[in-house]
$ cat entry34.txt   # compact mmCIF, N, CA and C atoms
# COMPACT_ATOMS: atom_id res chain seq x y z
N MET L 1 -41.83 -41.94 -53.31
CA MET L 1 -40.61 -41.71 -54.09
C MET L 1 -39.89 -40.52 -53.50
N SER L 2 -38.60 -40.63 -53.32
CA SER L 2 -37.81 -39.56 -52.73
C SER L 2 -37.60 -38.42 -53.73
N THR L 3 -37.71 -37.21 -53.23
CA THR L 3 -37.48 -36.03 -54.07
C THR L 3 -36.16 -35.35 -53.71
N SER L 4 -35.38 -35.97 -52.84
CA SER L 4 -34.13 -35.36 -52.38
C SER L 4 -33.18 -35.05 -53.53
N LEU L 5 -32.97 -36.00 -54.43
CA LEU L 5 -32.08 -35.78 -55.58
C LEU L 5 -32.60 -34.64 -56.44
N ALA L 6 -33.90 -34.62 -56.69
CA ALA L 6 -34.48 -33.55 -57.51
C ALA L 6 -34.28 -32.19 -56.85
N LYS L 7 -34.45 -32.13 -55.54
CA LYS L 7 -34.25 -30.86 -54.83
C LYS L 7 -32.79 -30.42 -54.90
N ASP L 8 -31.87 -31.38 -54.76
CA ASP L 8 -30.45 -31.05 -54.84
C ASP L 8 -30.07 -30.51 -56.22
N VAL L 9 -30.57 -31.15 -57.27
CA VAL L 9 -30.26 -30.70 -58.64
C VAL L 9 -30.83 -29.30 -58.87
N THR L 10 -32.06 -29.10 -58.43
CA THR L 10 -32.71 -27.79 -58.60
C THR L 10 -31.96 -26.72 -57.84
N ALA L 11 -31.54 -27.01 -56.62
CA ALA L 11 -30.77 -26.05 -55.82
C ALA L 11 -29.44 -25.74 -56.49
N HIS L 12 -28.80 -26.76 -57.02
CA HIS L 12 -27.52 -26.55 -57.70
C HIS L 12 -27.72 -25.66 -58.93
N ALA L 13 -28.83 -25.85 -59.63
CA ALA L 13 -29.12 -25.02 -60.80
C ALA L 13 -29.33 -23.56 -60.41
N THR L 14 -29.84 -23.33 -59.23
CA THR L 14 -30.05 -21.97 -58.75
C THR L 14 -28.72 -21.30 -58.39
N HIS L 15 -27.85 -22.06 -57.73
CA HIS L 15 -26.58 -21.49 -57.23
C HIS L 15 -25.45 -21.50 -58.26
N ARG L 16 -25.43 -22.52 -59.11
CA ARG L 16 -24.36 -22.63 -60.13
C ARG L 16 -24.97 -23.08 -61.46
N PRO L 17 -25.79 -22.25 -62.07
CA PRO L 17 -26.52 -22.65 -63.27
C PRO L 17 -25.64 -23.05 -64.45
N ASP L 18 -24.46 -22.48 -64.55
CA ASP L 18 -23.59 -22.76 -65.69
C ASP L 18 -22.63 -23.93 -65.46
N ALA L 19 -22.71 -24.55 -64.28
CA ALA L 19 -21.85 -25.70 -64.00
C ALA L 19 -22.32 -26.91 -64.81
N ALA L 20 -21.38 -27.74 -65.20
CA ALA L 20 -21.70 -28.94 -65.98
C ALA L 20 -22.44 -29.95 -65.12
N ALA L 21 -23.62 -30.34 -65.58
CA ALA L 21 -24.41 -31.36 -64.90
C ALA L 21 -24.20 -32.72 -65.55
N LEU L 22 -24.12 -32.73 -66.89
CA LEU L 22 -23.97 -33.96 -67.66
C LEU L 22 -22.91 -33.77 -68.75
N LEU L 23 -22.12 -34.79 -68.95
CA LEU L 23 -21.16 -34.82 -70.06
C LEU L 23 -21.52 -36.01 -70.93
N PHE L 24 -21.76 -35.76 -72.21
CA PHE L 24 -22.16 -36.82 -73.12
C PHE L 24 -21.21 -36.92 -74.29
N GLY L 25 -21.21 -38.07 -74.92
CA GLY L 25 -20.33 -38.35 -76.04
C GLY L 25 -19.12 -39.11 -75.55
N SER L 26 -18.42 -39.71 -76.46
CA SER L 26 -17.27 -40.55 -76.09
C SER L 26 -16.18 -39.75 -75.38
N ALA L 27 -16.06 -38.48 -75.71
CA ALA L 27 -15.03 -37.64 -75.08
C ALA L 27 -15.66 -36.53 -74.23
N GLY L 28 -16.96 -36.66 -73.93
CA GLY L 28 -17.64 -35.64 -73.14
C GLY L 28 -17.79 -34.33 -73.89
N GLU L 29 -17.90 -34.41 -75.22
CA GLU L 29 -17.97 -33.19 -76.02
C GLU L 29 -19.30 -32.45 -75.89
N ARG L 30 -20.34 -33.12 -75.42
CA ARG L 30 -21.64 -32.47 -75.22
C ARG L 30 -21.79 -32.19 -73.73
N VAL L 31 -21.86 -30.92 -73.36
CA VAL L 31 -22.00 -30.52 -71.97
C VAL L 31 -23.40 -29.96 -71.77
N VAL L 32 -24.08 -30.45 -70.75
CA VAL L 32 -25.39 -29.93 -70.37
C VAL L 32 -25.23 -29.29 -68.99
N THR L 33 -25.59 -28.02 -68.89
CA THR L 33 -25.47 -27.33 -67.61
C THR L 33 -26.66 -27.67 -66.72
N TYR L 34 -26.51 -27.34 -65.44
CA TYR L 34 -27.62 -27.56 -64.51
C TYR L 34 -28.84 -26.74 -64.92
N ALA L 35 -28.62 -25.53 -65.38
CA ALA L 35 -29.75 -24.70 -65.83
C ALA L 35 -30.46 -25.35 -67.01
N GLU L 36 -29.71 -25.86 -67.98
CA GLU L 36 -30.33 -26.52 -69.13
C GLU L 36 -31.09 -27.77 -68.71
N LEU L 37 -30.51 -28.53 -67.80
CA LEU L 37 -31.15 -29.76 -67.34
C LEU L 37 -32.48 -29.45 -66.65
N VAL L 38 -32.49 -28.46 -65.77
CA VAL L 38 -33.72 -28.11 -65.06
C VAL L 38 -34.74 -27.49 -66.01
N GLU L 39 -34.32 -26.67 -66.94
CA GLU L 39 -35.25 -26.09 -67.92
C GLU L 39 -35.90 -27.18 -68.76
N THR L 40 -35.10 -28.15 -69.19
CA THR L 40 -35.66 -29.27 -69.97
C THR L 40 -36.60 -30.09 -69.11
N ALA L 41 -36.23 -30.34 -67.86
CA ALA L 41 -37.10 -31.10 -66.95
C ALA L 41 -38.43 -30.36 -66.74
N ASP L 42 -38.39 -29.04 -66.67
CA ASP L 42 -39.62 -28.27 -66.51
C ASP L 42 -40.53 -28.45 -67.72
N ARG L 43 -39.96 -28.43 -68.93
CA ARG L 43 -40.75 -28.64 -70.14
C ARG L 43 -41.35 -30.05 -70.17
N VAL L 44 -40.54 -31.04 -69.80
CA VAL L 44 -41.02 -32.42 -69.77
C VAL L 44 -42.14 -32.55 -68.73
N ALA L 45 -41.96 -31.95 -67.57
CA ALA L 45 -42.97 -32.03 -66.50
C ALA L 45 -44.30 -31.43 -66.97
N ALA L 46 -44.24 -30.32 -67.68
CA ALA L 46 -45.47 -29.69 -68.18
C ALA L 46 -46.16 -30.60 -69.19
N GLU L 47 -45.37 -31.22 -70.07
CA GLU L 47 -45.94 -32.13 -71.06
C GLU L 47 -46.55 -33.36 -70.38
N LEU L 48 -45.86 -33.90 -69.38
CA LEU L 48 -46.40 -35.05 -68.65
C LEU L 48 -47.70 -34.68 -67.94
N ALA L 49 -47.75 -33.51 -67.34
CA ALA L 49 -48.96 -33.07 -66.64
C ALA L 49 -50.13 -32.92 -67.60
N ASP L 50 -49.85 -32.47 -68.83
CA ASP L 50 -50.91 -32.34 -69.84
C ASP L 50 -51.41 -33.71 -70.30
N ARG L 51 -50.47 -34.61 -70.57
CA ARG L 51 -50.84 -35.93 -71.11
C ARG L 51 -51.36 -36.89 -70.04
N TYR L 52 -50.76 -36.82 -68.86
CA TYR L 52 -51.09 -37.75 -67.78
C TYR L 52 -51.30 -36.94 -66.50
N PRO L 53 -52.50 -36.37 -66.30
CA PRO L 53 -52.72 -35.46 -65.19
C PRO L 53 -52.56 -36.09 -63.80
N ASP L 54 -52.74 -37.39 -63.68
CA ASP L 54 -52.62 -38.04 -62.37
C ASP L 54 -51.16 -38.44 -62.14
N PRO L 55 -50.42 -37.71 -61.27
CA PRO L 55 -49.01 -38.02 -61.07
C PRO L 55 -48.77 -39.35 -60.35
N ARG L 56 -49.84 -39.97 -59.85
CA ARG L 56 -49.69 -41.28 -59.22
C ARG L 56 -49.67 -42.39 -60.26
N ARG L 57 -50.08 -42.05 -61.47
CA ARG L 57 -50.10 -43.04 -62.54
C ARG L 57 -48.67 -43.33 -62.99
N PRO L 58 -48.25 -44.58 -62.92
CA PRO L 58 -46.87 -44.90 -63.33
C PRO L 58 -46.66 -44.63 -64.82
N LEU L 59 -45.45 -44.26 -65.13
CA LEU L 59 -45.05 -43.99 -66.50
C LEU L 59 -43.96 -44.99 -66.87
N ALA L 60 -44.10 -45.62 -68.02
CA ALA L 60 -43.09 -46.56 -68.51
C ALA L 60 -42.56 -46.04 -69.84
N LEU L 61 -41.25 -45.94 -69.95
CA LEU L 61 -40.61 -45.45 -71.17
C LEU L 61 -39.45 -46.33 -71.54
N GLN L 62 -39.22 -46.45 -72.82
CA GLN L 62 -38.00 -47.07 -73.31
C GLN L 62 -37.15 -45.94 -73.86
N ALA L 63 -35.96 -45.79 -73.30
CA ALA L 63 -35.13 -44.65 -73.69
C ALA L 63 -33.65 -44.99 -73.59
N ALA L 64 -32.89 -44.38 -74.47
CA ALA L 64 -31.43 -44.51 -74.43
C ALA L 64 -30.88 -43.43 -73.51
N LYS L 65 -29.65 -43.62 -73.04
CA LYS L 65 -29.02 -42.58 -72.22
C LYS L 65 -28.88 -41.32 -73.06
N SER L 66 -29.45 -40.25 -72.55
CA SER L 66 -29.38 -38.96 -73.23
C SER L 66 -29.74 -37.86 -72.24
N PRO L 67 -29.43 -36.61 -72.58
CA PRO L 67 -29.85 -35.52 -71.71
C PRO L 67 -31.37 -35.50 -71.51
N MET L 68 -32.13 -35.81 -72.55
CA MET L 68 -33.59 -35.83 -72.45
C MET L 68 -34.06 -36.91 -71.47
N THR L 69 -33.39 -38.05 -71.47
CA THR L 69 -33.76 -39.12 -70.54
C THR L 69 -33.50 -38.67 -69.11
N PHE L 70 -32.36 -38.06 -68.85
CA PHE L 70 -32.07 -37.57 -67.51
C PHE L 70 -33.07 -36.49 -67.10
N ALA L 71 -33.45 -35.62 -68.02
CA ALA L 71 -34.44 -34.58 -67.72
C ALA L 71 -35.80 -35.21 -67.41
N THR L 72 -36.14 -36.28 -68.10
CA THR L 72 -37.41 -36.97 -67.84
C THR L 72 -37.40 -37.60 -66.45
N VAL L 73 -36.30 -38.22 -66.09
CA VAL L 73 -36.18 -38.79 -64.74
C VAL L 73 -36.31 -37.69 -63.70
N LEU L 74 -35.63 -36.57 -63.92
CA LEU L 74 -35.71 -35.45 -62.99
C LEU L 74 -37.14 -34.93 -62.89
N ALA L 75 -37.81 -34.80 -64.02
CA ALA L 75 -39.20 -34.32 -64.01
C ALA L 75 -40.09 -35.26 -63.20
N CYS L 76 -39.92 -36.55 -63.37
CA CYS L 76 -40.73 -37.52 -62.63
C CYS L 76 -40.41 -37.48 -61.14
N LEU L 77 -39.15 -37.35 -60.80
CA LEU L 77 -38.78 -37.23 -59.39
C LEU L 77 -39.42 -35.99 -58.76
N ARG L 78 -39.38 -34.89 -59.48
CA ARG L 78 -39.95 -33.64 -58.95
C ARG L 78 -41.46 -33.73 -58.78
N GLN L 79 -42.13 -34.49 -59.64
CA GLN L 79 -43.58 -34.66 -59.56
C GLN L 79 -43.99 -35.78 -58.62
N GLY L 80 -43.02 -36.59 -58.19
CA GLY L 80 -43.35 -37.76 -57.39
C GLY L 80 -44.02 -38.84 -58.22
N ARG L 81 -43.76 -38.83 -59.52
CA ARG L 81 -44.39 -39.75 -60.46
C ARG L 81 -43.55 -41.03 -60.57
N PRO L 82 -44.17 -42.20 -60.37
CA PRO L 82 -43.44 -43.47 -60.55
C PRO L 82 -43.00 -43.61 -62.01
N LEU L 83 -41.79 -44.09 -62.20
CA LEU L 83 -41.23 -44.22 -63.55
C LEU L 83 -40.51 -45.55 -63.70
N LEU L 84 -40.84 -46.27 -64.75
CA LEU L 84 -40.10 -47.47 -65.15
C LEU L 84 -39.37 -47.09 -66.42
N LEU L 85 -38.07 -47.12 -66.38
CA LEU L 85 -37.25 -46.71 -67.51
C LEU L 85 -36.51 -47.93 -68.03
N ALA L 86 -36.88 -48.38 -69.22
CA ALA L 86 -36.25 -49.54 -69.83
C ALA L 86 -35.24 -49.08 -70.87
N ALA L 87 -34.08 -49.71 -70.88
CA ALA L 87 -33.05 -49.37 -71.84
C ALA L 87 -33.44 -49.84 -73.23
N THR L 88 -33.05 -49.07 -74.23
CA THR L 88 -33.38 -49.43 -75.61
C THR L 88 -32.65 -50.70 -76.03
N GLU L 89 -31.59 -51.05 -75.31
CA GLU L 89 -30.80 -52.23 -75.66
C GLU L 89 -31.47 -53.53 -75.21
N LEU L 90 -32.49 -53.45 -74.37
CA LEU L 90 -33.16 -54.65 -73.89
C LEU L 90 -33.86 -55.37 -75.02
N GLY L 91 -33.81 -56.66 -75.00
CA GLY L 91 -34.50 -57.45 -76.00
C GLY L 91 -33.75 -57.64 -77.29
N ARG L 92 -32.52 -57.25 -77.34
CA ARG L 92 -31.74 -57.42 -78.58
C ARG L 92 -30.91 -58.65 -78.49
$ encode --input "entry34.txt" --output "structure tokens"
Amino acid sequence: MSTSLAKDVTAHATHRPDAAALLFGSAGERVVTYAELVETADRVAAELADRYPDPRRPLALQAAKSPMTFATVLACLRQGRPLLLAATELGR
């Protein structure tokens, strides 16, 4: 699994931590900065490491688009952990 995107996001958080990384809501009223995204990804990564110590073990999640979902993807990319992310809208 490529870590290039994860490295780019982390580097951006170092150089421009207050820059908008994600805009959420119908009018983009929820702004998540690069620093917030990386901090959340770090917390998710720690939790994943505690629950699933083998980073080669694939992780499957059903999740809606949200800052937490993006942070989870980033955490998995940084760990090299395989991730299957299914949309909550599937099966409806």
$ residues_near_point --input "entry34.txt" --point "(-29.6, -32.1, -66.4)" --cutoff "6 Å" --atoms "only C-alpha atoms" --output "compact mmCIF listing (two decimals) with N, CA and C atoms, in the coordinates of the input"
# COMPACT_ATOMS: atom_id res chain seq x y z
N ALA L 21 -23.62 -30.34 -65.58
CA ALA L 21 -24.41 -31.36 -64.90
C ALA L 21 -24.20 -32.72 -65.55
N TYR L 34 -26.51 -27.34 -65.44
CA TYR L 34 -27.62 -27.56 -64.51
C TYR L 34 -28.84 -26.74 -64.92
N LEU L 37 -30.51 -28.53 -67.80
CA LEU L 37 -31.15 -29.76 -67.34
C LEU L 37 -32.48 -29.45 -66.65
N VAL L 38 -32.49 -28.46 -65.77
CA VAL L 38 -33.72 -28.11 -65.06
C VAL L 38 -34.74 -27.49 -66.01
N ALA L 71 -33.45 -35.62 -68.02
CA ALA L 71 -34.44 -34.58 -67.72
C ALA L 71 -35.80 -35.21 -67.41
$ closest_residue --input "entry34.txt" --among "L:Ala19, L:Ala46, L:Ala6, L:Ala27" --to "Phe70 (chain L)" --atoms "only C-alpha atoms"
L:Ala6
$ axis_aligned_box --input "entry34.txt" --around "region 36-45 of chain L" --padding-each-side "4 Å" --output "lines of an AutoDock Vina configuration file"
center_x = -37.0
center_y = -29.2
center_z = -67.6
size_x = 22.6
size_y = 14.7
size_z = 13.1
$ select_by_dssp --input "entry34.txt" --residues "chain L" --states "helix (DSSP H, G or I)" --output "ChimeraX atom specification"
/L:4-15,34-51,67-79
$ closest_residue --input "entry34.txt" --among "L:Arg81, L:Ala86, L:Glu47, L:Lys7" --to "Lys65 (chain L)" --atoms "only C-alpha atoms"
L:Ala86
$ residues_near_point --input "entry34.txt" --point "(-42.4, -45.9, -61.7)" --cutoff "5 Å" --atoms "only N, CA and C atoms" --output "PyMOL selection string"
chain L and resi 58-59+82-84
$ atom_distance --input "entry34.txt" --atom1 "CA of Ala87 (chain L)" --atom2 "CA of Leu23 (chain L)"
18.9 Å
$ closest_residue --input "entry34.txt" --among "L:Tyr52, L:Leu85, L:Gly80, L:Met68" --to "Val32 (chain L)" --atoms "only C-alpha atoms"
L:Met68
$ residues_around --input "entry34.txt" --residues "Ala13 (chain L)" --least-positions-apart "3" --cutoff "5 Å" --atoms "only N, CA and C atoms" --output "list in words"
Val9, Thr10, Arg16, Pro17, Tyr34 and Ala35 of chain L
$ atom_distance --input "entry34.txt" --atom1 "CA of Arg78 (chain L)" --atom2 "CA of Ala45 (chain L)"
8.3 Å
$ atom_distance --input "entry34.txt" --atom1 "CA of Gln79 (chain L)" --atom2 "CA of Leu61 (chain L)"
16.1 Å
$ select_by_dssp --input "entry34.txt" --residues "region 3-80 of chain L" --states "strand (DSSP E)" --output "list in words"
Ala20, Ala21, Leu22, Leu23, Phe24, Arg30, Val31, Val32, Thr33, Leu59, Ala60, Leu61, Gln62 and Ala63 of chain L
